[in-house]
Amino acid sequence: MAGTAVLGRLNWQIADVVELITETPRVKTIAFDVPGWAGHRAGQHVDVRLTAEDGYQAQRSYSIANAVDGTRVALTIQRLEDGEVSPYLTDELRPGDKIELRGPIGGYFVWEPSDGGPLMLVAGGSGIVPLMAMIRTRATAGDNTETRLLYSARSQDDLIYRDELEHKSGNGLTVAYTLTDSQPPGWTGYARRVDPKMLAEVAPGPAEQPRFFTCGPTPFVGAVAEALVRLGNEARAIKTERFGPTGG
Amino acid sequence: MDELMLDGNAVAGLLQEVFAAEMTTAVGTCASCSAAGPVGAVHVYRGAGIVLRCPHCDNVLAKIVKSDSRVWIDSTGIRTLEVSA
C-alpha cells in the first residue's frame with residue numbers, strides 16, 4: 001500500500017492530554033497531542049505505558065478513535081472497575097498531563113477508503129472504537145463506500161458516539177443497533193444478542209464479497225465470525241479484533 | 001469458546017519491538033497443517049508467556065516470553081514467515 005511504512009522501530013513518545021470528552025457514564029475519549037506524530041490508519045492502535053514512582057510499569061493497548069488529524073490522537077477508553085490502567089486514564093488525567101505511548105501499531109485490522117467495500121462492521125460494546133475510526137476516515141475522505149454497522153450494546157446509555165453516528169448516516173452508511181439487556185420505551189432496533197438471522201438481515205450477502213471487521217469481547221467476536229462463515233462468507237474476508245473477556 | 005483468546009493484533013506492538021517491522025500483515029505458514037495466513041489472524045493466548053496458535057489446526061506456532069531485558073521466542077511451529085520489504 002502506498003505511503004505505508006512497513007519497516008520501522010517503535011519508540012515510546014510523550015503525549016500531552018489536550019481534551020477529555022465524556023461519552024457515556026463509563027467511557028471517556030482522551031485526545032492527545034503527540035509531537036511528531038506521522039499519522040495513522042483506521043483500525044490501528046497504540047500501546048500506553050504508565051510508570052509508578054517505584055518504577056512499576058503497566059501497559060495496555062487502545063484503539064485509535066479518530067481519523068488522521070495532524071498530531072492529534074484520540075483514544076476512547078472504557079473504565080473497568082478493577083482495572084489497573086483504565087481508571088487512572090479516565091478519572092485522573094487532566095488537560096496538560098503527559099503519558100507515554102507508542103504507535104501507530106498494526107496493519108492487519110485496518111481499512112482505508114482505497115480498499116473499497118462493501119464494508120460490514122460489527123461492534124460489541126467498546127469494540128466500536130476502531131470501527132468508528134473507519135467510519136470517520138470514510139467521512140473525512142468524502143468516501144461513499146457502502147458501509148453497514150451493526151452495533152451491539154447492553155443499553156441505550158452504553159452506546160458510544162450515538163449522535164455522531166446518526167449525523168453521519170446516509171451517503172452509503174447505514175447503522176443498526178441491538179440492545180441486549182434493556183431497551184428504552186418505543187425502541188425499534190434489535191433487542192437480543194447478535195445471531196446469524198440478524199447478520200443475514202443486516203449484512204450484504206456473500207455474493208457481494210463484503211469486507212468484515214468485527215471488534216469486541218472475545219465471546220462476541222467468536223460468535224460473529226462463526227455466524228458469518230455459516231452464512232457463506234469466506235473466513236479470510238472476516239477480520240477480527242478480540243479484546244478479551246473484560247476489555248483488557 | 002475460550003474467553004481468553006485474542007488475535008495476532010494483540011502482540012503487534014511486541015512483535016514490532018522485536019522485528020522493527022509491522023508483523024501482523026506478515027504471512028506465516030503453519031509447520032503442522034501448511035495453512036498460510038497473516039499473523040494478525042492467528043490465535044493468541046496470554047499467560048505467563050504468550051502462545052500463538054494456528055487458526056486452522058490449533059498447532060502451537062510460537063511461544064514468546066518477555067522480561068525487562070530480553071524477549072525469548074520459540075518459533076518451531078512456523079515453517080516460513082514472509083515479511084513485506
# chains A, B, ... in the order shown; residues from 1 in each chain; ligands from 1
>>> closest_atom_pairs(of="chain B", to="chain A", cutoff="10 Å", atoms="only C-alpha atoms", output="JSON lines")
{"residue": "B:Met1", "atom": "CA", "partner": "A:Pro219", "partner_atom": "CA", "distance": 6.6}
{"residue": "B:Asp2", "atom": "CA", "partner": "A:Pro219", "partner_atom": "CA", "distance": 7.6}
{"residue": "B:Glu3", "atom": "CA", "partner": "A:Pro245", "partner_atom": "CA", "distance": 5.6}
{"residue": "B:Leu4", "atom": "CA", "partner": "A:Gly244", "partner_atom": "CA", "distance": 5.5}
{"residue": "B:Met5", "atom": "CA", "partner": "A:Thr218", "partner_atom": "CA", "distance": 6.5}
{"residue": "B:Leu6", "atom": "CA", "partner": "A:Arg242", "partner_atom": "CA", "distance": 5.2}
{"residue": "B:Asp7", "atom": "CA", "partner": "A:Glu241", "partner_atom": "CA", "distance": 6.0}
{"residue": "B:Gly8", "atom": "CA", "partner": "A:Glu241", "partner_atom": "CA", "distance": 8.5}
{"residue": "B:Asn9", "atom": "CA", "partner": "A:Gly106", "partner_atom": "CA", "distance": 6.4}
{"residue": "B:Ala10", "atom": "CA", "partner": "A:Ser61", "partner_atom": "CA", "distance": 7.8}
{"residue": "B:Val11", "atom": "CA", "partner": "A:Gly106", "partner_atom": "CA", "distance": 9.1}
{"residue": "B:Ala12", "atom": "CA", "partner": "A:Gly106", "partner_atom": "CA", "distance": 5.7}
{"residue": "B:Gly13", "atom": "CA", "partner": "A:Ile105", "partner_atom": "CA", "distance": 6.0}
{"residue": "B:Leu14", "atom": "CA", "partner": "A:Leu10", "partner_atom": "CA", "distance": 9.3}
{"residue": "B:Leu15", "atom": "CA", "partner": "A:Leu10", "partner_atom": "CA", "distance": 9.9}
{"residue": "B:Gln16", "atom": "CA", "partner": "A:Leu10", "partner_atom": "CA", "distance": 6.6}
{"residue": "B:Glu17", "atom": "CA", "partner": "A:Leu10", "partner_atom": "CA", "distance": 5.9}
{"residue": "B:Val18", "atom": "CA", "partner": "A:Arg9", "partner_atom": "CA", "distance": 8.7}
{"residue": "B:Phe19", "atom": "CA", "partner": "A:Arg9", "partner_atom": "CA", "distance": 8.1}
{"residue": "B:Ala20", "atom": "CA", "partner": "A:Arg9", "partner_atom": "CA", "distance": 4.5}
{"residue": "B:Ala21", "atom": "CA", "partner": "A:Leu7", "partner_atom": "CA", "distance": 4.3}
{"residue": "B:Glu22", "atom": "CA", "partner": "A:Val6", "partner_atom": "CA", "distance": 5.5}
{"residue": "B:Met23", "atom": "CA", "partner": "A:Gly106", "partner_atom": "CA", "distance": 7.6}
{"residue": "B:Thr24", "atom": "CA", "partner": "A:Tyr108", "partner_atom": "CA", "distance": 5.4}
{"residue": "B:Thr25", "atom": "CA", "partner": "A:Tyr108", "partner_atom": "CA", "distance": 5.2}
{"residue": "B:Ala26", "atom": "CA", "partner": "A:Tyr108", "partner_atom": "CA", "distance": 8.9}
{"residue": "B:Gly37", "atom": "CA", "partner": "A:Arg236", "partner_atom": "CA", "distance": 8.5}
{"residue": "B:Pro38", "atom": "CA", "partner": "A:Tyr108", "partner_atom": "CA", "distance": 7.6}
{"residue": "B:Val39", "atom": "CA", "partner": "A:Tyr108", "partner_atom": "CA", "distance": 8.2}
{"residue": "B:Gly40", "atom": "CA", "partner": "A:Tyr108", "partner_atom": "CA", "distance": 5.5}
{"residue": "B:Ala41", "atom": "CA", "partner": "A:Lys239", "partner_atom": "CA", "distance": 7.3}
{"residue": "B:His43", "atom": "CA", "partner": "A:Arg242", "partner_atom": "CA", "distance": 9.8}
{"residue": "B:Val44", "atom": "CA", "partner": "A:Arg242", "partner_atom": "CA", "distance": 9.8}
{"residue": "B:Tyr45", "atom": "CA", "partner": "A:Gly244", "partner_atom": "CA", "distance": 9.8}
{"residue": "B:Arg46", "atom": "CA", "partner": "A:Gly244", "partner_atom": "CA", "distance": 9.9}
{"residue": "B:Val83", "atom": "CA", "partner": "A:Val6", "partner_atom": "CA", "distance": 9.0}
{"residue": "B:Ser84", "atom": "CA", "partner": "A:Val6", "partner_atom": "CA", "distance": 7.0}
{"residue": "B:Ala85", "atom": "CA", "partner": "A:Val6", "partner_atom": "CA", "distance": 7.2}
>>> residues_around(residues="Arg26 of chain A", least_positions_apart="4", cutoff="9 Å", atoms="only C-alpha atoms", output="MDAnalysis selection string")
chainID A and resid 22 77:80 90 158
>>> residues_around(residues="Ala139 of chain A", least_positions_apart="6", cutoff="10 Å", atoms="only C-alpha atoms", output="PyMOL selection string")
chain A and resi 67+113+133+145+168-169+171+173
>>> write_last_selection(atoms="C-alpha atoms", output="PDB file, in the first residue's frame")
ATOM      1  CA  ALA A  67      -9.316   9.875  11.591  1.00  0.00           C
ATOM      2  CA  PRO A 113     -11.050   4.122   1.509  1.00  0.00           C
ATOM      3  CA  ALA A 133     -12.131   5.333  13.143  1.00  0.00           C
ATOM      4  CA  THR A 145     -18.137   3.143   0.114  1.00  0.00           C
ATOM      5  CA  LYS A 168     -23.035  10.533   9.678  1.00  0.00           C
ATOM      6  CA  SER A 169     -25.731   8.109   8.471  1.00  0.00           C
ATOM      7  CA  ASN A 171     -24.136   8.711   1.927  1.00  0.00           C
ATOM      8  CA  LEU A 173     -23.686   4.456   5.666  1.00  0.00           C
TER       9      LEU A 173
END
>>> select_by_dssp(residues="segment 9-247 of chain A", states="helix (DSSP H, G or I)", output="VMD selection string")
chain A and resid 86 to 92 113 to 115 125 to 140 156 to 158 162 to 168 196 to 202 206 to 208 218 to 230 235 to 237
